[in-house]
2 protein chains.
Amino acid sequence: MKKLINDPSQVVGEALEGMALAHPGLIRVHRTPDFIMRADGPVRGKVALVSGGGSGHEPMHGGFVGRGMLDAACPGAIFTSPTPDQMLEATKAVDGGVGVLHIVKNYTGDVLNFEMAADLAKEEQINVKAVVTDDDVAVQDSLYTAGRRGVGGTVLAEKICGAAAETGADLDAVTQLCRDVNASVRSMGIALSACTVPHAGKPSFSLGEDEIEFGIGIHGEPGRNRMKHERADQLTEMLMEPIMRDLPFKRGDHALLFVNGMGGTPLIELYVVFRKAASIAAQHGITISRSLVGSYITSLEMAGTSISLLRLDDRMVRYWDAPVVTPALRWGA
Amino acid sequence: MKKLINDPSQVVGEALEGMALAHPGLIRVHRTPDFIMRADGPVRGKVALVSGGGSGHEPMHGGFVGRGMLDAACPGAIFTSPTPDQMLEATKAVDGGVGVLHIVKNYTGDVLNFEMAADLAKEEQINVKAVVTDDDVAVQDSLYTAGRRGVGGTVLAEKICGAAAETGADLDAVTQLCRDVNASVRSMGIALSACTVPHAGKPSFSLGEDEIEFGIGIHGEPGRNRMKHERADQLTEMLMEPIMRDLPFKRGDHALLFVNGMGGTPLIELYVVFRKAASIAAQHGITISRSLVGSYITSLEMAGTSISLLRLDDRMVRYWDAPVVTPALRWGA
């Protein structure tokens, strides 16, 4: 295992320290329990957004903390849920007096721990709501979940809901918007290679020279099937078909197309995928009016991609375009 | 070779088409000859900045086209210089009547072709100046260069000079600023793995299980030496020492620290490197007052990192902070 790390047990903590040093104007890092919060938080009178999950998916979620997106993020160990005390302390730290929304990817550990944290926060008179994201159409249940997994759509929900909260929406409105985004987005991914969790020291699975894993999750967990590697256009078709059918998307829809890298795939390949995905959408009468291309929800150094397609309404477009100032997503301010 | 591509000979063109579809508000893509220009260009009365180089280093340079950075970028084939006609047509397309600066990384092919393009542009009455960047302290000469290679510092020069041009600086001033940035920045990188050029179909070199290449260039060309893999902190020390000694940086300096991923290294590891590099800088009395962390100048899916350290003056800080609206770097507007 060749990685730019020191001690596998210290990777998350040392990366948090690096983030604090790199972005002092945007975020503050709290240790023991670990969470990242926006530098100017808590913001009085604003609904606060808290997310979190296992580390190894960077920049999600810590890179999305800042004005116009998350108020706090709780990083667990690599591919391991954060603990309820992290979530509780983060919730208390960013509560601005008008409620806190937990955005939780649907993984059993994350869901249970966020529920426990919410119960504890309510005992301290903090109004907490939660939305569980489950946009992955690849599988109904998985190694890590009952029900569908929360994947790329979570990034879009965090951006859009963060903007809503920033502009004064109340807890019920932000919660409903988050449910609406989750209900309007579908995602699916493939892996061309495995990744190596530092404390495991060896790849989480192995793929043959010409094999890919289709319908992968973000922890290297298996997807729909293992298959022969194909050309990018064919793989993109195979990803887009179930995504578009599941909602279903229809002619006249406006959509945001998010082509995500799993960590080890070069940007030039993501644009090759984007080209085909946009062309498929156009053939179906769907207008791609917003886009995101890059490695935003990753599985360490895994090679592969996921596609997320979000049906946009005017409200979502407005909140997508609104200013955001975080380490990983930044525009308009 | 498992890549998200169709035909190796079409990768660059298809990625350009994908970029055009993903960022219609920011850039326009011209084919045959290939170049990317800002959507609102040419901008009358503004000095135009043109860069370019082999593809495979994305987001550099095409991802840096837009308001406040480059006016145009010319992508060659993977790891291959673009041609003079690309550079000439890009120069003509973005010329706003007050001159064009070519920012050229020091690789023999790039330098020769940009010189030829500048000569041809001058025949058409366009005032062209050029700055060759050569910030890599790893080697004096290389497989691809006479003299030092242009690496990460180029990204910083393009951002800073783009802001200067945007705010009305004339061609002489922008040219001098670019020379100043290049003179104030030092870089060095390591590779933990090789990358595979699509038309070659196999890795450009091979490294043992526990080997790294120290002082690597951005094409997988060899660096100073091949050595045993070490902990991130030790590798970071080995990168920072020659960087800081070469300028030399000194106590009281303010600097921008840029920790770059080579394409296949997860962000979490880059922050581990940033932590140590910032700590080394602090021990030497250097204040890291600006930062950039991410994969901005890459070698396809190569695992590794490069560190660039730029000594800042007030002018550079102001231009660094100024608005930029490109596919890959975006803030403040």
# chains A, B, ... in the order shown; residues from 1 in each chain; ligands from 1
>>> closest_atom_pairs(of="chain B", to="chain A", cutoff="7 Å", atoms="only C-alpha atoms", output="CSV")
residue,atom,partner,partner_atom,distance
B:Lys2,CA,A:Leu192,CA,6.6
B:Leu4,CA,A:Ala232,CA,4.7
B:Ile5,CA,A:Ala232,CA,4.7
B:Asn6,CA,A:Arg231,CA,4.8
B:Glu14,CA,A:Val272,CA,5.4
B:Ala15,CA,A:Val272,CA,4.6
B:Glu17,CA,A:Arg275,CA,6.2
B:Gly18,CA,A:Arg275,CA,4.0
B:Met19,CA,A:Tyr271,CA,6.0
B:Leu21,CA,A:Arg275,CA,6.7
B:Ala22,CA,A:Ser291,CA,5.7
B:Gly56,CA,A:Ile268,CA,6.9
B:Glu58,CA,A:Leu267,CA,6.0
B:Pro59,CA,A:Leu267,CA,6.8
B:Leu192,CA,A:Lys2,CA,6.6
B:Asp210,CA,A:Lys2,CA,6.8
B:Arg231,CA,A:Asn6,CA,4.8
B:Ala232,CA,A:Leu4,CA,4.7
B:Asp233,CA,A:Asn6,CA,6.6
B:Gly263,CA,A:Pro266,CA,5.9
B:Gly264,CA,A:Gly264,CA,4.2
B:Thr265,CA,A:Glu301,CA,6.0
B:Pro266,CA,A:Leu300,CA,5.3
B:Leu267,CA,A:Glu58,CA,6.0
B:Ile268,CA,A:Ala15,CA,5.7
B:Glu269,CA,A:Leu4,CA,5.4
B:Tyr271,CA,A:Gly18,CA,4.7
B:Val272,CA,A:Ala15,CA,4.6
B:Phe274,CA,A:Gly18,CA,5.4
B:Arg275,CA,A:Gly18,CA,4.0
B:Ser291,CA,A:Ala22,CA,5.7
B:Leu300,CA,A:Pro266,CA,5.3
B:Glu301,CA,A:Pro266,CA,5.5
B:Arg330,CA,A:Trp331,CA,5.6
B:Trp331,CA,A:Trp331,CA,4.7
B:Gly332,CA,A:Ala333,CA,4.6
B:Ala333,CA,A:Gly332,CA,4.6
>>> select_by_dssp(residues="segment 112-208 of chain A", states="strand (DSSP E)", output="PDB file with N, CA and C atoms, in the first residue's frame")
ATOM      1  N   VAL A 128     -34.673  19.490  15.882  1.00  0.00           N
ATOM      2  CA  VAL A 128     -33.910  18.791  14.851  1.00  0.00           C
ATOM      3  C   VAL A 128     -34.842  18.040  13.909  1.00  0.00           C
ATOM      4  N   LYS A 129     -34.641  18.208  12.637  1.00  0.00           N
ATOM      5  CA  LYS A 129     -35.313  17.356  11.651  1.00  0.00           C
ATOM      6  C   LYS A 129     -34.238  16.638  10.847  1.00  0.00           C
ATOM      7  N   ALA A 130     -34.645  15.578  10.178  1.00  0.00           N
ATOM      8  CA  ALA A 130     -33.668  14.819   9.396  1.00  0.00           C
ATOM      9  C   ALA A 130     -34.264  14.421   8.060  1.00  0.00           C
ATOM     10  N   VAL A 131     -33.434  14.436   7.042  1.00  0.00           N
ATOM     11  CA  VAL A 131     -33.816  13.878   5.748  1.00  0.00           C
ATOM     12  C   VAL A 131     -32.766  12.837   5.381  1.00  0.00           C
ATOM     13  N   VAL A 132     -33.240  11.649   5.026  1.00  0.00           N
ATOM     14  CA  VAL A 132     -32.340  10.574   4.619  1.00  0.00           C
ATOM     15  C   VAL A 132     -32.322  10.537   3.088  1.00  0.00           C
ATOM     16  N   THR A 133     -31.138  10.649   2.500  1.00  0.00           N
ATOM     17  CA  THR A 133     -31.041  10.629   1.033  1.00  0.00           C
ATOM     18  C   THR A 133     -30.826   9.202   0.543  1.00  0.00           C
ATOM     19  N   VAL A 185     -33.919  13.340  -7.714  1.00  0.00           N
ATOM     20  CA  VAL A 185     -32.582  13.014  -8.215  1.00  0.00           C
ATOM     21  C   VAL A 185     -32.369  11.503  -8.216  1.00  0.00           C
ATOM     22  N   ARG A 186     -31.692  11.025  -9.253  1.00  0.00           N
ATOM     23  CA  ARG A 186     -31.358   9.600  -9.376  1.00  0.00           C
ATOM     24  C   ARG A 186     -29.900   9.481  -9.780  1.00  0.00           C
ATOM     25  N   SER A 187     -29.235   8.467  -9.257  1.00  0.00           N
ATOM     26  CA  SER A 187     -27.793   8.317  -9.464  1.00  0.00           C
ATOM     27  C   SER A 187     -27.425   6.861  -9.679  1.00  0.00           C
ATOM     28  N   MET A 188     -26.280   6.662 -10.317  1.00  0.00           N
ATOM     29  CA  MET A 188     -25.720   5.312 -10.435  1.00  0.00           C
ATOM     30  C   MET A 188     -24.245   5.416 -10.805  1.00  0.00           C
ATOM     31  N   GLY A 189     -23.465   4.426 -10.349  1.00  0.00           N
ATOM     32  CA  GLY A 189     -22.020   4.498 -10.560  1.00  0.00           C
ATOM     33  C   GLY A 189     -21.396   3.179 -10.974  1.00  0.00           C
ATOM     34  N   ILE A 190     -20.173   3.297 -11.462  1.00  0.00           N
ATOM     35  CA  ILE A 190     -19.374   2.119 -11.807  1.00  0.00           C
ATOM     36  C   ILE A 190     -17.962   2.292 -11.266  1.00  0.00           C
ATOM     37  N   ALA A 191     -17.337   1.155 -10.981  1.00  0.00           N
ATOM     38  CA  ALA A 191     -15.937   1.164 -10.553  1.00  0.00           C
ATOM     39  C   ALA A 191     -15.096   0.430 -11.579  1.00  0.00           C
TER      40      ALA A 191
END
>>> residues_around(residues="Met316 of chain A", least_positions_apart="5", cutoff="9 Å", atoms="only C-alpha atoms", output="PDB file with C-alpha atoms, in the first residue's frame")
ATOM      1  CA  ILE A 160     -29.510  23.664  -2.671  1.00  0.00           C
ATOM      2  CA  CYS A 161     -30.747  23.420   0.923  1.00  0.00           C
ATOM      3  CA  LEU A 177     -36.895  21.211  -0.012  1.00  0.00           C
ATOM      4  CA  VAL A 181     -34.409  17.331  -4.064  1.00  0.00           C
ATOM      5  CA  ARG A 311     -34.943  17.339 -12.240  1.00  0.00           C
ATOM      6  CA  ASP A 321     -26.995  29.487  -8.534  1.00  0.00           C
TER       7      ASP A 321
END
>>> closest_residue(among="A:Ala173, A:Ile243, A:Cys74, A:Ile27", to="Ile307 of chain A", atoms="only C-alpha atoms")
A:Ile243
>>> atom_distance(atom1="atom CA of Lys122 of chain B", atom2="atom CA of Gly152 of chain B")
29.1 Å
>>> residues_around(residues="Thr287 of chain B", least_positions_apart="4", cutoff="8 Å", atoms="only C-alpha atoms", output="ChimeraX atom specification")
/B:252-255,281-282
>>> residues_around(residues="Lys92 of chain A", least_positions_apart="5", cutoff="9 Å", atoms="only C-alpha atoms", output="tab-separated table (two decimals) with N, CA, C and O atoms, in the first residue's frame")
chain	number	residue	atom	x	y	z
A	87	MET	N	-22.11	14.01	16.22
A	87	MET	CA	-23.29	14.66	15.61
A	87	MET	C	-23.97	15.59	16.61
A	87	MET	O	-24.41	16.69	16.25
A	100	VAL	N	-32.23	22.72	13.38
A	100	VAL	CA	-31.10	22.10	12.68
A	100	VAL	C	-31.63	20.97	11.81
A	100	VAL	O	-32.41	20.14	12.27
A	121	ALA	N	-30.26	15.80	21.09
A	121	ALA	CA	-30.34	17.25	20.87
A	121	ALA	C	-31.71	17.78	21.28
A	121	ALA	O	-31.83	18.87	21.84
A	124	GLU	N	-32.07	18.65	24.66
A	124	GLU	CA	-31.47	19.95	24.99
A	124	GLU	C	-32.22	21.09	24.30
A	124	GLU	O	-31.67	22.17	24.08
A	126	ILE	N	-33.20	21.54	21.25
A	126	ILE	CA	-32.87	21.94	19.88
A	126	ILE	C	-33.85	21.23	18.95
A	126	ILE	O	-34.06	20.02	19.06
>>> residues_around(residues="segment 66-68 of chain A", least_positions_apart="4", cutoff="8 Å", atoms="only C-alpha atoms", output="list in words")
Leu26, Ile27, Met37, Arg38, Ala39, Lys159, Gly162, Ala163, Ala164, Ala165, Glu166, Ala322, Pro323, Val324, Val325, Thr326 and Pro327 of chain A
>>> write_last_selection(atoms="all heavy atoms", output="short mmCIF file (atom, residue, chain, number, x, y, z; two decimals), in the first residue's frame")
data_model
loop_
_atom_site.label_atom_id
_atom_site.label_comp_id
_atom_site.auth_asym_id
_atom_site.auth_seq_id
_atom_site.Cartn_x
_atom_site.Cartn_y
_atom_site.Cartn_z
N LEU A 26 -12.70 29.99 6.20
CA LEU A 26 -13.96 29.34 5.86
C LEU A 26 -14.47 28.41 6.95
O LEU A 26 -15.67 28.34 7.20
CB LEU A 26 -13.81 28.52 4.56
CG LEU A 26 -13.30 29.25 3.32
CD1 LEU A 26 -13.31 28.31 2.13
CD2 LEU A 26 -14.15 30.48 3.03
N ILE A 27 -13.57 27.65 7.55
CA ILE A 27 -14.00 26.60 8.48
C ILE A 27 -13.19 26.63 9.77
O ILE A 27 -12.09 27.17 9.82
CB ILE A 27 -13.84 25.19 7.84
CG1 ILE A 27 -12.37 24.96 7.43
CG2 ILE A 27 -14.77 25.02 6.66
CD1 ILE A 27 -12.04 23.51 7.15
N MET A 37 -16.88 22.96 11.33
CA MET A 37 -18.00 23.90 11.27
C MET A 37 -17.57 25.17 10.54
O MET A 37 -16.39 25.43 10.38
CB MET A 37 -18.53 24.23 12.67
CG MET A 37 -17.58 24.96 13.57
SD MET A 37 -18.35 25.34 15.19
CE MET A 37 -19.39 26.76 14.76
N ARG A 38 -18.56 25.92 10.07
CA ARG A 38 -18.19 27.13 9.35
C ARG A 38 -17.58 28.12 10.31
O ARG A 38 -17.97 28.22 11.49
CB ARG A 38 -19.36 27.71 8.55
CG ARG A 38 -20.58 28.00 9.31
CD ARG A 38 -21.74 28.34 8.37
NE ARG A 38 -21.77 29.77 8.02
CZ ARG A 38 -22.71 30.32 7.27
NH1 ARG A 38 -23.67 29.57 6.74
NH2 ARG A 38 -22.70 31.61 7.02
N ALA A 39 -16.64 28.88 9.80
CA ALA A 39 -15.83 29.76 10.65
C ALA A 39 -16.68 30.81 11.34
O ALA A 39 -16.38 31.21 12.46
CB ALA A 39 -14.74 30.43 9.81
N LYS A 159 -26.06 21.54 -1.32
CA LYS A 159 -25.88 22.87 -1.93
C LYS A 159 -27.20 23.64 -1.97
O LYS A 159 -27.28 24.82 -1.59
CB LYS A 159 -25.31 22.72 -3.36
CG LYS A 159 -25.39 23.98 -4.21
CD LYS A 159 -24.53 25.10 -3.68
CE LYS A 159 -24.67 26.40 -4.48
NZ LYS A 159 -25.79 27.22 -4.00
N GLY A 162 -28.61 24.38 1.52
CA GLY A 162 -27.76 25.37 2.18
C GLY A 162 -28.09 26.78 1.73
O GLY A 162 -28.11 27.72 2.54
N ALA A 163 -28.35 26.92 0.44
CA ALA A 163 -28.72 28.24 -0.08
C ALA A 163 -30.07 28.68 0.46
O ALA A 163 -30.27 29.86 0.78
CB ALA A 163 -28.73 28.22 -1.61
N ALA A 164 -30.99 27.74 0.56
CA ALA A 164 -32.32 28.08 1.09
C ALA A 164 -32.20 28.56 2.53
O ALA A 164 -32.80 29.58 2.91
CB ALA A 164 -33.25 26.87 1.00
N ALA A 165 -31.42 27.84 3.33
CA ALA A 165 -31.25 28.23 4.73
C ALA A 165 -30.58 29.60 4.82
O ALA A 165 -30.95 30.44 5.64
CB ALA A 165 -30.42 27.19 5.47
N GLU A 166 -29.61 29.82 3.95
CA GLU A 166 -28.86 31.08 3.98
C GLU A 166 -29.77 32.27 3.69
O GLU A 166 -29.53 33.37 4.19
CB GLU A 166 -27.74 31.02 2.94
CG GLU A 166 -26.60 31.96 3.19
CD GLU A 166 -25.71 31.51 4.35
OE1 GLU A 166 -25.46 30.29 4.49
OE2 GLU A 166 -25.30 32.38 5.14
N ALA A 322 -27.18 30.31 -6.26
CA ALA A 322 -26.88 31.23 -5.15
C ALA A 322 -25.44 31.07 -4.68
O ALA A 322 -24.82 30.03 -4.88
CB ALA A 322 -27.86 30.97 -4.00
N PRO A 323 -24.89 32.11 -4.05
CA PRO A 323 -23.49 32.07 -3.61
C PRO A 323 -23.19 30.89 -2.67
O PRO A 323 -24.03 30.50 -1.86
CB PRO A 323 -23.33 33.39 -2.83
CG PRO A 323 -24.36 34.29 -3.39
CD PRO A 323 -25.52 33.41 -3.75
N VAL A 324 -22.00 30.35 -2.81
CA VAL A 324 -21.53 29.29 -1.93
C VAL A 324 -20.04 29.51 -1.72
O VAL A 324 -19.32 29.82 -2.67
CB VAL A 324 -21.85 27.89 -2.52
CG1 VAL A 324 -21.18 27.68 -3.88
CG2 VAL A 324 -21.45 26.78 -1.57
N VAL A 325 -19.61 29.40 -0.49
CA VAL A 325 -18.20 29.66 -0.17
C VAL A 325 -17.70 28.56 0.75
O VAL A 325 -17.76 28.67 1.99
CB VAL A 325 -18.01 31.04 0.50
CG1 VAL A 325 -16.51 31.33 0.68
CG2 VAL A 325 -18.63 32.14 -0.34
N THR A 326 -17.26 27.46 0.18
CA THR A 326 -16.75 26.32 0.94
C THR A 326 -15.40 25.92 0.33
O THR A 326 -15.06 26.37 -0.76
CB THR A 326 -17.71 25.12 0.85
OG1 THR A 326 -17.64 24.57 -0.48
CG2 THR A 326 -19.15 25.52 1.14
N PRO A 327 -14.64 25.07 1.01
CA PRO A 327 -13.37 24.65 0.41
C PRO A 327 -13.52 24.01 -0.97
O PRO A 327 -12.68 24.20 -1.85
CB PRO A 327 -12.83 23.64 1.43
CG PRO A 327 -13.39 24.09 2.74
CD PRO A 327 -14.79 24.58 2.41
#
>>> closest_residue(among="A:Thr154, A:Ser184, A:Thr32, A:Ser142", to="Ser51 of chain A", atoms="only C-alpha atoms")
A:Thr154
>>> select_by_dssp(residues="segment 50-252 of chain A", states="alpha helix (DSSP H)", output="PyMOL selection string")
chain A and resi 84-94+108-123+153-166+171-184+232-246
>>> residues_around(residues="segment 200-206 of chain A", least_positions_apart="2", cutoff="9 Å", atoms="only C-alpha atoms", output="PyMOL selection string")
chain A and resi 1+8+193-198+208+219-222
>>> write_last_selection(atoms="N, CA and C atoms", output="compact mmCIF listing (two decimals), in the first residue's frame")
# COMPACT_ATOMS: atom_id res chain seq x y z
N MET A 1 0.84 -1.20 0.00
CA MET A 1 0.00 0.00 0.00
C MET A 1 0.87 1.25 0.00
N PRO A 8 -1.98 4.87 9.62
CA PRO A 8 -3.37 4.69 9.18
C PRO A 8 -4.39 5.18 10.20
N SER A 193 -11.75 0.20 -10.75
CA SER A 193 -10.74 -0.39 -9.86
C SER A 193 -11.25 -0.30 -8.44
N ALA A 194 -10.62 -1.04 -7.56
CA ALA A 194 -10.98 -0.99 -6.15
C ALA A 194 -10.19 0.12 -5.47
N CYS A 195 -10.43 0.31 -4.18
CA CYS A 195 -9.61 1.24 -3.40
C CYS A 195 -9.12 0.49 -2.17
N THR A 196 -8.12 1.07 -1.53
CA THR A 196 -7.51 0.43 -0.36
C THR A 196 -7.75 1.28 0.87
N VAL A 197 -8.49 0.74 1.83
CA VAL A 197 -8.69 1.44 3.10
C VAL A 197 -7.38 1.35 3.88
N PRO A 198 -6.86 2.49 4.38
CA PRO A 198 -5.53 2.48 4.99
C PRO A 198 -5.33 1.41 6.07
N GLY A 208 -10.69 -8.03 -12.54
CA GLY A 208 -9.80 -8.51 -13.58
C GLY A 208 -9.36 -7.37 -14.50
N HIS A 219 -18.48 2.69 -1.09
CA HIS A 219 -17.53 2.03 -0.18
C HIS A 219 -16.86 0.86 -0.86
N GLY A 220 -16.97 0.79 -2.17
CA GLY A 220 -16.45 -0.36 -2.86
C GLY A 220 -17.36 -1.57 -2.73
N GLU A 221 -18.53 -1.39 -2.16
CA GLU A 221 -19.44 -2.53 -2.04
C GLU A 221 -19.99 -2.89 -3.41
N PRO A 222 -20.29 -4.16 -3.63
CA PRO A 222 -20.69 -4.61 -4.96
C PRO A 222 -21.96 -3.92 -5.43
